[in-house]
Structures are given as structure tokens and as C-alpha cells.
file upload.csv (CSV, C-alpha atoms)
chain,number,residue,atom,x,y,z
A,1,MET,CA,-65.2,-95.9,15.6
A,2,SER,CA,-65.1,-97.4,19.1
A,3,ASP,CA,-63.0,-95.9,21.9
A,4,ALA,CA,-60.7,-98.9,22.0
A,5,LEU,CA,-57.0,-98.0,22.2
A,6,ARG,CA,-53.6,-99.5,22.9
A,7,ALA,CA,-51.0,-97.6,25.0
A,8,GLU,CA,-47.5,-98.6,25.7
A,9,THR,CA,-43.9,-97.5,26.0
A,10,VAL,CA,-41.9,-97.7,22.7
A,11,THR,CA,-38.4,-96.8,21.6
A,12,ILE,CA,-38.1,-94.1,18.9
A,13,THR,CA,-35.1,-92.6,17.1
A,14,GLY,CA,-34.7,-89.0,18.2
A,15,HIS,CA,-32.1,-86.3,17.7
A,16,ASN,CA,-28.7,-87.4,16.6
A,17,ASP,CA,-30.1,-90.9,16.0
A,18,ASP,CA,-30.4,-91.5,19.7
A,19,GLU,CA,-32.7,-94.2,20.8
A,20,ILE,CA,-35.1,-92.8,23.4
A,21,GLU,CA,-38.3,-94.0,25.1
A,22,ALA,CA,-41.7,-92.6,24.2
A,23,TYR,CA,-45.2,-93.2,25.3
A,24,LEU,CA,-47.5,-94.2,22.4
A,25,ALA,CA,-51.3,-94.5,22.4
A,26,ARG,CA,-53.3,-95.4,19.3
A,27,PRO,CA,-56.8,-96.1,18.4
A,28,LEU,CA,-57.5,-99.7,17.4
A,29,ASP,CA,-60.2,-99.2,14.8
A,30,ALA,CA,-60.1,-95.6,13.6
A,31,ALA,CA,-57.7,-95.8,10.6
A,32,PRO,CA,-56.8,-93.8,8.7
A,33,PHE,CA,-55.8,-91.6,11.6
A,34,GLY,CA,-53.7,-88.5,12.1
A,35,GLY,CA,-50.8,-88.3,14.5
A,36,VAL,CA,-50.1,-86.0,17.4
A,37,VAL,CA,-46.8,-85.4,19.0
A,38,VAL,CA,-47.3,-84.5,22.7
A,39,ILE,CA,-44.4,-82.5,24.1
A,40,HIS,CA,-44.3,-82.9,27.9
A,41,HIS,CA,-44.0,-80.0,30.2
A,42,MET,CA,-41.0,-79.1,32.2
A,43,PRO,CA,-42.0,-81.2,35.2
A,44,GLY,CA,-41.4,-84.2,33.0
A,45,TYR,CA,-42.8,-87.2,31.2
A,46,ASP,CA,-45.4,-87.7,33.9
A,47,ALA,CA,-48.7,-89.5,34.5
A,48,ALA,CA,-50.8,-86.4,33.6
A,49,THR,CA,-49.0,-86.1,30.3
A,50,LYS,CA,-49.5,-89.8,29.5
A,51,GLU,CA,-53.2,-89.3,30.3
A,52,MET,CA,-53.3,-86.6,27.6
A,53,VAL,CA,-51.7,-89.0,25.1
A,54,ARG,CA,-54.4,-91.6,25.8
A,55,THR,CA,-57.1,-88.9,25.5
A,56,PHE,CA,-55.9,-88.3,21.9
A,57,ALA,CA,-56.1,-92.0,21.1
A,58,ALA,CA,-59.5,-92.2,22.6
A,59,ASN,CA,-60.5,-89.5,20.2
A,60,GLY,CA,-59.2,-91.2,17.1
A,61,TYR,CA,-55.5,-90.0,16.9
A,62,ALA,CA,-52.3,-91.8,17.4
A,63,ALA,CA,-50.3,-89.9,19.9
A,64,LEU,CA,-46.7,-90.1,21.0
A,65,CYS,CA,-44.8,-88.4,23.8
A,66,PRO,CA,-41.1,-88.7,23.6
A,67,ASN,CA,-39.3,-88.6,27.0
A,68,LEU,CA,-37.2,-85.5,26.5
A,69,TYR,CA,-35.2,-86.4,29.7
A,70,ALA,CA,-34.5,-90.0,28.7
A,71,ARG,CA,-30.8,-89.3,28.0
A,72,GLU,CA,-30.0,-87.7,31.3
A,73,ALA,CA,-32.3,-89.8,33.5
A,74,PRO,CA,-33.2,-93.2,31.9
A,75,GLY,CA,-35.7,-95.0,34.1
A,76,ALA,CA,-36.0,-92.3,36.7
A,77,SER,CA,-39.2,-91.1,38.1
A,78,PRO,CA,-40.5,-88.0,36.3
A,79,ASP,CA,-39.8,-85.6,39.1
A,80,ASP,CA,-36.3,-86.9,39.7
A,81,ALA,CA,-35.6,-86.7,35.9
A,82,ALA,CA,-36.9,-83.1,35.8
A,83,ALA,CA,-34.7,-82.1,38.7
A,84,THR,CA,-31.7,-83.8,37.0
A,85,VAL,CA,-32.3,-82.0,33.7
A,86,ARG,CA,-32.9,-78.7,35.4
A,87,ALA,CA,-29.6,-79.0,37.2
A,88,SER,CA,-27.8,-79.8,34.0
A,89,GLY,CA,-29.2,-76.9,32.1
A,90,GLY,CA,-32.4,-78.1,30.4
A,91,VAL,CA,-33.2,-79.4,27.0
A,92,PRO,CA,-31.3,-77.7,24.1
A,93,ASP,CA,-33.6,-76.4,21.3
A,94,GLU,CA,-31.8,-78.3,18.6
A,95,ARG,CA,-32.3,-81.6,20.5
A,96,LEU,CA,-35.9,-80.9,21.0
A,97,VAL,CA,-36.5,-80.3,17.3
A,98,GLY,CA,-34.7,-83.6,16.5
A,99,ASP,CA,-36.8,-85.5,19.0
A,100,VAL,CA,-40.1,-84.1,17.8
A,101,ASP,CA,-39.0,-84.9,14.2
A,102,GLY,CA,-38.2,-88.5,15.2
A,103,ALA,CA,-41.6,-88.8,16.9
A,104,ALA,CA,-43.4,-87.4,13.8
A,105,LYS,CA,-41.6,-89.9,11.6
A,106,TYR,CA,-42.6,-92.8,13.9
A,107,LEU,CA,-46.2,-91.7,13.8
A,108,ARG,CA,-46.2,-91.4,10.0
A,109,ALA,CA,-44.9,-94.9,9.7
A,110,LEU,CA,-47.6,-96.5,11.8
A,111,ASP,CA,-50.0,-98.8,10.0
A,112,GLY,CA,-53.2,-96.8,9.5
A,113,ALA,CA,-51.5,-93.4,9.7
A,114,ASN,CA,-52.8,-90.8,7.3
A,115,GLY,CA,-49.5,-89.0,7.3
A,116,ARG,CA,-50.7,-85.8,8.9
A,117,ILE,CA,-49.1,-84.7,12.1
A,118,GLY,CA,-50.0,-82.3,14.8
A,119,VAL,CA,-47.9,-81.1,17.7
A,120,ILE,CA,-49.1,-79.9,21.1
A,121,GLY,CA,-47.3,-78.8,24.3
A,122,HIS,CA,-48.0,-77.0,27.5
A,123,CYS,CA,-45.9,-74.6,29.5
A,124,SER,CA,-42.3,-75.0,28.3
A,125,GLY,CA,-43.8,-77.5,25.8
A,126,GLY,CA,-45.8,-74.6,24.4
A,127,ARG,CA,-42.7,-72.7,23.4
A,128,GLN,CA,-41.2,-76.0,22.1
A,129,THR,CA,-44.3,-76.5,20.0
A,130,PHE,CA,-43.8,-73.2,18.4
A,131,LEU,CA,-40.2,-74.1,17.9
A,132,ALA,CA,-41.2,-77.3,16.2
A,133,ALA,CA,-43.8,-75.6,14.1
A,134,VAL,CA,-41.2,-73.1,12.7
A,135,SER,CA,-38.6,-75.8,12.2
A,136,LEU,CA,-40.4,-78.9,10.9
A,137,ASP,CA,-42.9,-80.0,8.3
A,138,ILE,CA,-46.0,-80.5,10.4
A,139,ASP,CA,-49.6,-79.9,9.7
A,140,ALA,CA,-51.1,-78.2,12.9
A,141,ALA,CA,-49.6,-76.9,16.1
A,142,VAL,CA,-51.2,-76.2,19.5
A,143,ASP,CA,-49.4,-73.9,21.9
A,144,CYS,CA,-50.8,-74.0,25.4
A,145,TYR,CA,-49.5,-71.1,27.4
A,146,GLY,CA,-45.9,-71.3,26.2
A,147,ALA,CA,-43.7,-68.6,27.7
A,148,PHE,CA,-40.7,-67.0,26.1
A,149,VAL,CA,-42.0,-67.3,22.5
A,150,VAL,CA,-42.1,-63.5,22.4
A,151,ASN,CA,-40.2,-62.1,25.4
A,152,THR,CA,-36.6,-62.8,26.0
A,153,PRO,CA,-35.9,-64.7,29.1
A,154,PRO,CA,-34.3,-62.9,32.1
A,155,ALA,CA,-30.6,-62.2,31.9
A,156,GLU,CA,-29.8,-64.8,34.5
A,157,PHE,CA,-31.5,-67.5,32.4
A,158,PRO,CA,-28.8,-70.2,32.2
A,159,LEU,CA,-30.1,-71.9,29.1
A,160,LYS,CA,-29.6,-71.1,25.4
A,161,ALA,CA,-33.4,-70.7,25.0
A,162,THR,CA,-34.3,-67.4,23.4
A,163,SER,CA,-37.3,-65.5,22.1
A,164,LEU,CA,-38.7,-67.2,18.9
A,165,LEU,CA,-40.6,-64.2,17.5
A,166,HIS,CA,-38.0,-63.7,14.8
A,167,ARG,CA,-38.8,-67.2,13.6
A,168,ALA,CA,-42.5,-66.4,13.0
A,169,ALA,CA,-42.0,-66.0,9.3
A,170,ASP,CA,-41.0,-69.7,9.2
A,171,LEU,CA,-44.3,-71.0,10.7
A,172,HIS,CA,-45.3,-73.8,8.4
A,173,CYS,CA,-48.7,-74.7,9.7
A,174,PRO,CA,-51.9,-73.4,11.4
A,175,LEU,CA,-51.4,-72.5,15.0
A,176,LEU,CA,-53.9,-72.7,17.8
A,177,GLY,CA,-53.0,-70.8,20.9
A,178,LEU,CA,-54.7,-71.3,24.3
A,179,PHE,CA,-53.8,-68.8,27.0
A,180,GLY,CA,-55.0,-67.7,30.5
A,181,ALA,CA,-55.8,-64.0,31.0
A,182,GLU,CA,-54.2,-64.1,34.4
A,183,ASP,CA,-51.0,-65.8,33.3
A,184,GLY,CA,-47.8,-63.7,33.6
A,185,PHE,CA,-45.6,-66.1,31.5
A,186,PRO,CA,-46.8,-65.6,28.8
A,187,GLY,CA,-48.7,-62.4,29.8
A,188,PRO,CA,-51.5,-61.1,27.7
A,189,ASP,CA,-49.2,-58.4,26.3
A,190,GLU,CA,-46.9,-61.1,24.9
A,191,VAL,CA,-49.9,-63.1,23.4
A,192,LYS,CA,-51.0,-59.8,21.7
A,193,ILE,CA,-47.6,-59.2,20.2
A,194,LEU,CA,-47.5,-62.8,18.8
A,195,ASP,CA,-51.0,-62.5,17.5
A,196,GLU,CA,-50.2,-59.2,15.7
A,197,GLU,CA,-47.0,-60.5,14.3
A,198,LEU,CA,-48.6,-63.7,12.8
A,199,THR,CA,-51.5,-61.5,11.4
A,200,LYS,CA,-49.0,-59.2,9.8
A,201,LEU,CA,-47.2,-62.2,8.2
A,202,GLY,CA,-50.4,-63.7,7.0
A,203,LYS,CA,-49.9,-66.9,9.1
A,204,ALA,CA,-53.0,-68.9,9.9
A,205,HIS,CA,-53.6,-68.8,13.6
A,206,GLU,CA,-56.4,-68.9,16.2
A,207,PHE,CA,-55.8,-67.6,19.7
A,208,HIS,CA,-58.1,-67.8,22.7
A,209,THR,CA,-57.5,-66.3,26.1
A,210,TYR,CA,-59.6,-67.4,29.0
A,211,ASP,CA,-60.7,-65.0,31.7
A,212,GLY,CA,-60.3,-66.4,35.3
A,213,ALA,CA,-57.5,-68.7,34.2
A,214,GLY,CA,-53.8,-68.4,34.7
A,215,HIS,CA,-50.8,-70.6,33.8
A,216,ALA,CA,-51.4,-74.4,33.6
A,217,PHE,CA,-55.2,-74.3,33.6
A,218,PHE,CA,-55.3,-77.7,31.8
A,219,ALA,CA,-53.4,-79.4,34.7
A,220,VAL,CA,-56.1,-81.5,36.4
A,221,ASP,CA,-53.8,-82.5,39.3
A,222,ARG,CA,-52.7,-79.0,40.2
A,223,PRO,CA,-54.5,-76.1,41.9
A,224,SER,CA,-54.1,-74.0,38.7
A,225,TYR,CA,-56.8,-76.2,37.0
A,226,ARG,CA,-59.7,-74.2,35.7
A,227,VAL,CA,-62.4,-76.5,34.6
A,228,GLU,CA,-64.3,-74.2,32.3
A,229,ALA,CA,-61.2,-73.1,30.4
A,230,ALA,CA,-59.9,-76.7,30.2
A,231,VAL,CA,-63.1,-78.2,29.0
A,232,ASP,CA,-63.5,-75.5,26.3
A,233,GLY,CA,-59.8,-75.7,25.4
A,234,TRP,CA,-60.1,-79.5,24.8
A,235,GLN,CA,-63.1,-78.9,22.5
A,236,LYS,CA,-61.1,-76.3,20.6
A,237,ILE,CA,-58.1,-78.7,20.3
A,238,PHE,CA,-60.2,-81.5,18.8
A,239,ALA,CA,-62.1,-79.1,16.5
A,240,PHE,CA,-58.7,-77.7,15.3
A,241,TYR,CA,-57.1,-81.2,14.8
A,242,GLY,CA,-60.4,-82.4,13.2
A,243,GLN,CA,-60.0,-79.7,10.6
A,244,HIS,CA,-56.3,-80.0,10.0
A,245,LEU,CA,-55.3,-83.6,10.6
A,246,ALA,CA,-58.1,-85.3,8.6
A,247,ALA,CA,-56.9,-87.3,5.7
B,1,MET,CA,-44.0,-69.5,35.5
B,2,CYS,CA,-41.4,-72.1,34.8
B,3,THR,CA,-38.3,-70.3,36.0
B,4,HIS,CA,-35.0,-71.8,35.0
B,5,HIS,CA,-33.1,-69.7,37.5
B,6,THR,CA,-31.5,-72.0,39.9
B,7,GLU,CA,-29.1,-71.4,42.7
B,8,LYS,CA,-26.8,-74.4,42.8
B,9,ILE,CA,-24.3,-74.9,45.6
B,10,ALA,CA,-21.8,-77.6,46.5
B,11,ILE,CA,-22.5,-79.1,49.9
B,12,ASP,CA,-21.1,-81.7,52.2
B,13,GLY,CA,-23.4,-84.0,54.2
B,14,SER,CA,-26.0,-86.7,53.8
B,15,GLY,CA,-29.6,-87.1,53.0
B,16,LYS,CA,-32.1,-89.8,53.3
B,17,GLY,CA,-34.1,-90.7,50.2
B,18,ALA,CA,-36.2,-93.6,48.9
B,19,GLN,CA,-33.2,-95.9,48.9
B,20,GLY,CA,-31.9,-94.9,52.4
B,21,TRP,CA,-29.0,-92.6,53.3
B,22,PHE,CA,-26.5,-91.3,50.8
B,23,GLY,CA,-23.9,-88.6,50.6
B,24,VAL,CA,-25.2,-85.4,49.0
B,25,GLN,CA,-22.9,-83.3,46.7
B,26,HIS,CA,-25.0,-80.3,45.8
B,27,ALA,CA,-28.2,-78.5,46.5
B,28,ALA,CA,-30.3,-76.7,43.9
B,29,VAL,CA,-32.6,-73.9,45.1
B,30,TYR,CA,-35.3,-72.4,42.8
B,31,VAL,CA,-38.8,-71.1,42.6
B,32,ASP,CA,-41.0,-73.0,40.2
B,33,HIS,CA,-44.1,-75.2,39.9
B,34,ALA,CA,-44.6,-77.7,42.7
B,35,VAL,CA,-44.9,-81.4,42.0
B,36,HIS,CA,-46.7,-82.3,45.2
B,37,ALA,CA,-47.4,-79.2,47.4
B,38,GLN,CA,-50.8,-77.8,46.6
B,39,PHE,CA,-49.6,-74.4,45.5
B,40,THR,CA,-48.9,-73.3,41.9
B,41,HIS,CA,-45.4,-72.1,42.8
B,42,THR,CA,-43.1,-73.0,45.7
B,43,LEU,CA,-39.5,-72.6,46.8
B,44,ASN,CA,-37.9,-75.9,45.9
B,45,ILE,CA,-34.7,-77.5,47.2
B,46,ASP,CA,-33.1,-80.6,45.8
B,47,PHE,CA,-30.3,-82.2,47.7
B,48,ALA,CA,-28.7,-84.5,45.3
B,49,ASN,CA,-25.8,-86.8,44.4
B,50,PRO,CA,-25.6,-87.0,40.6
B,51,ASP,CA,-23.0,-89.8,40.8
B,52,LEU,CA,-25.7,-92.1,42.2
B,53,GLY,CA,-28.3,-91.2,39.6
B,54,PRO,CA,-31.5,-89.1,39.5
B,55,ALA,CA,-33.2,-91.0,42.3
B,56,ALA,CA,-30.5,-90.0,44.8
B,57,ARG,CA,-32.4,-86.8,45.6
B,58,VAL,CA,-34.1,-85.4,48.7
B,59,ALA,CA,-36.6,-82.8,47.6
B,60,VAL,CA,-38.7,-80.3,49.5
B,61,GLU,CA,-41.3,-77.8,48.2
B,62,LEU,CA,-42.0,-74.9,50.6
B,63,THR,CA,-44.1,-71.8,50.5
B,64,GLU,CA,-42.2,-68.5,50.6
B,65,GLU,CA,-43.0,-68.0,54.2
B,66,SER,CA,-41.9,-71.5,55.1
B,67,ALA,CA,-38.7,-71.2,53.2
B,68,LEU,CA,-37.7,-68.0,54.9
B,69,ALA,CA,-38.6,-69.4,58.3
B,70,LEU,CA,-36.4,-72.4,57.6
B,71,ALA,CA,-33.5,-70.2,56.6
B,72,ASP,CA,-34.0,-68.2,59.8
B,73,ALA,CA,-34.2,-71.4,61.9
B,74,ILE,CA,-31.0,-72.7,60.3
B,75,HIS,CA,-29.2,-69.5,61.4
B,76,LYS,CA,-30.6,-69.7,64.9
B,77,ALA,CA,-29.6,-73.3,65.4
B,78,LEU,CA,-26.1,-72.7,64.2
B,79,ASP,CA,-25.8,-69.5,66.3
B,80,ALA,CA,-26.9,-71.5,69.4
B,81,ALA,CA,-24.0,-74.0,68.9
B,82,PRO,CA,-20.3,-73.4,69.4
B,83,ALA,CA,-18.8,-72.0,66.2
B,84,GLY,CA,-17.2,-74.7,64.1
B,85,LEU,CA,-19.0,-77.6,65.9
B,86,ALA,CA,-20.7,-78.7,62.7
B,87,SER,CA,-18.0,-77.4,60.3
B,88,VAL,CA,-16.3,-79.5,57.6
B,89,ASN,CA,-13.3,-78.9,59.8
B,90,GLN,CA,-14.8,-80.3,63.0
B,91,LYS,CA,-13.8,-78.7,66.3
call {"tool": "encode", "arguments": {"input": "upload.csv", "output": "C-alpha cells"}}
result
Amino acid sequence: MSDALRAETVTITGHNDDEIEAYLARPLDAAPFGGVVVIHHMPGYDAATKEMVRTFAANGYAALCPNLYAREAPGASPDDAAATVRASGGVPDERLVGDVDGAAKYLRALDGANGRIGVIGHCSGGRQTFLAAVSLDIDAAVDCYGAFVVNTPPAEFPLKATSLLHRAADLHCPLLGLFGAEDGFPGPDEVKILDEELTKLGKAHEFHTYDGAGHAFFAVDRPSYRVEAAVDGWQKIFAFYGQHLAA
Amino acid sequence: MCTHHTEKIAIDGSGKGAQGWFGVQHAAVYVDHAVHAQFTHTLNIDFANPDLGPAARVAVELTEESALALADAIHKALDAAPAGLASVNQK
């Protein structure tokens, strides 16, 4: 396999049969390949997230990131789109699941696809990854510091988003969780509760918590970046997908 | 943390964004991750006009100290002017 890849904006069919834009990157000579749905973080469908999409393609996976804000802010810059969606109440859980399902179907239909699908998300996308993993037929999920999987959001929280712990029994696939020991959302106590619940239910999962790292330690363009945690985390992601997304 | 808590108020006035001046209809105030400021979290304010689209936005990301100093400075500036001078009902 070479590292040649093709990356471009495409249109996919998301929730409610809506046509939404998405960023696709795929290897040119790695077939058969697994697919990875990348759920962007709350700040939006941005350059850093698209770089992650290309990183998956450079490592032999087709990766697709749907623009979760395409409906409210078509063509807007990522930060303006994120502000617009925040002001309008955020992305409903049902719509998120539909958009991830549409992205997974698109990836499965690509020439060279082996039919296996992973999902990954950071921050709010971590919670949404767990939501997708308990709602859809996927093969491997990676939750990077998703908050509000265990704890209920504060009372003033204006969105419909709720704790997902009660959905743990519906987890359909192995889950890799990557967390920072200094993160408060999710805090180590929440990670421990989720770990224990999944163990009790006999759900395959692998959690790693990095000392010296807080929230968003993968974000290379932010002061929260922690190189040791991020480098090791990427290795764990590729080892995990190598195990579960191979044909 | 990604807080979704947002103080949203209706406002009258104008702001200058990438496309020039436009009337602003509301301001959203919240503490969350910064897009540009080199801090993990900041107090963010979006002055926006949704009728003109997502790009009709003037955004600032301020540290807690800066935001509180700004709020104080707003009060001092208004206190130094005759009451009602900058009101929606101009005197």
C-alpha cells in the first residue's frame, strides 16, 4: 500500500433523506478497506477535523465526516456555523444518528469497501459516537473524551441531550475510550462509572486515561494539545481499527 | 468543557464583520472553547443577525478577567454620559 489518497467534498443522504455535504478521503490503492465515520466536534466541520479524515485515508481507511451543521449554515465558515447551531439549540440526537447512518451507508457503497465501519468523535462527538454505537450496526467505536455519556447535563442545559448510560446494554460493537486524567467533562469518576457498567454488561471495551492531559488533548491547534497522549492515542486508534475493521 | 449554556439577548445596534456593517439582532454570551484565543476556555460573545446568514456575526473571545473588565467599562462609559443619550428612545 502506498500513502496515496483522494480527498474531496461530497454529498451524502443523511437523516430524513436530507442531502448534506461531507468530507471524504480514501486510499487509492488499499482495497479492500474499512470505513471510518468521523464526527466533528462542537466547534464544527473545521480544518483540524478534515486533517483527521485525511489521516485515516493515509493509513488505509476510507473516512467520511458529515457536516452536522450543513442544514442550518450551508457554506458558512466552521466557526460561524457552530455559533449559528449553538444559538438554535444544537444538533438533535435523532438527527445525529441519521446522519451517521447515512455516512456509514455511503462508505459501505464505495468501490473497494470491505463493509466494516468504525465511528470516532471527540468532545461532543465522543458522546455522539457512543450514541451511534448504541443505535446503529457498526463494527468499532472510538470515544475521545465525550462528556455527558454518564452524567446528566446541568439543569439549565437547553438541549434535549441526556445521559446515555441507560443505553449501554444496546452497545453493538467494541468501544475504545481515550480520556484525560485532568479532564472535568468527562471527569475520571464518570469514566470509571462507564467502565464498570460496560464490564458488568459484558461489553467489549478498552479505556485509557492519560496523566497530564485534560480535555481536547488531540487538538493540535489548541493549547490543550498534549503530544505524548495524542501520539499514543493515535497508535491505539489504529491498533483498534486494525483489529476490528479488517476484512 | 463544551457548555451549551448560553445567555441570549435581543439587541439593537450595528456591528462590523467581514462583509462590512450590518444591523445586529441578538447577542449570545457563553463560556466555552475558544476558536482563536490561545486559551482552552474563554467568555465568548457573538453579535449576530440570523436574517443575513451565519456570516453576519461579530465574535469576540475574552478571558474571564477581560470580560469582567469590559462589563465594568461599559457601565462606566454609560454612567459618564447623560442618561438616555444612547437609548433606543434617543434624548
call {"tool": "interface_residues", "arguments": {"input": "upload.csv", "of": "chain B", "to": "chain A", "cutoff": "9 Å", "atoms": "all atoms listed in the file", "output": "list in words"}}
result
Met1, Cys2, Thr3, His4, His5, Thr6, Lys8, Ala28, His33, Ala34, Val35, His36, Ala37, Gln38, Phe39, Thr40, Asp46, Ala48, Pro50, Gly53, Pro54, Ala55, Ala56, Arg57 and Ala59 of chain B
call {"tool": "residues_around", "arguments": {"input": "upload.csv", "residues": "A:Lys105", "least_positions_apart": "6", "cutoff": "12 Å", "atoms": "only C-alpha atoms", "output": "number ranges by chain"}}
result
A: 12-15, 35-37, 64, 98-99, 113, 115-118, 136-138
call {"tool": "residues_around", "arguments": {"input": "upload.csv", "residues": "A:Gly125", "least_positions_apart": "5", "cutoff": "10 Å", "atoms": "all atoms listed in the file", "output": "ChimeraX atom specification"}}
result
/A:38-42,96,119-120,130-132,142-147
call {"tool": "residues_around", "arguments": {"input": "upload.csv", "residues": "B:Thr42", "least_positions_apart": "4", "cutoff": "9 Å", "atoms": "only C-alpha atoms", "output": "PyMOL selection string"}}
result
chain B and resi 30-34+37+61-64+67
call {"tool": "atom_distance", "arguments": {"input": "upload.csv", "atom1": "atom CA of A:Ala47", "atom2": "atom CA of A:Ile237"}}
result
20.2 Å
call {"tool": "closest_residue", "arguments": {"input": "upload.csv", "among": "B:Glu65, B:Asp72, B:Asp12, B:Asp51", "to": "B:Ser87", "atoms": "all atoms listed in the file"}}
result
B:Asp12
call {"tool": "atom_distance", "arguments": {"input": "upload.csv", "atom1": "atom CA of A:Ala22", "atom2": "atom CA of A:Asp46"}}
result
11.5 Å
call {"tool": "closest_residue", "arguments": {"input": "upload.csv", "among": "A:Val191, A:Ala57, A:Ala70, A:Ala48", "to": "A:Pro27", "atoms": "all atoms listed in the file"}}
result
A:Ala57
call {"tool": "atom_distance", "arguments": {"input": "upload.csv", "atom1": "atom CA of A:Asn114", "atom2": "atom CA of A:Leu175"}}
result
19.9 Å
call {"tool": "residues_around", "arguments": {"input": "upload.csv", "residues": "stretch 23-26 of chain A", "least_positions_apart": "5", "cutoff": "9 Å", "atoms": "all atoms listed in the file", "output": "ChimeraX atom specification"}}
result
/A:4-11,33,35,45,50,53-58,60-67
call {"tool": "closest_residue", "arguments": {"input": "upload.csv", "among": "A:Asp111, A:Glu206, A:Glu21, A:Asp3", "to": "A:Lys192", "atoms": "only C-alpha atoms"}}
result
A:Glu206
call {"tool": "closest_residue", "arguments": {"input": "upload.csv", "among": "A:Ala219, A:Asp170, A:Trp234, A:Gly112", "to": "A:Leu201", "atoms": "all atoms listed in the file"}}
result
A:Asp170
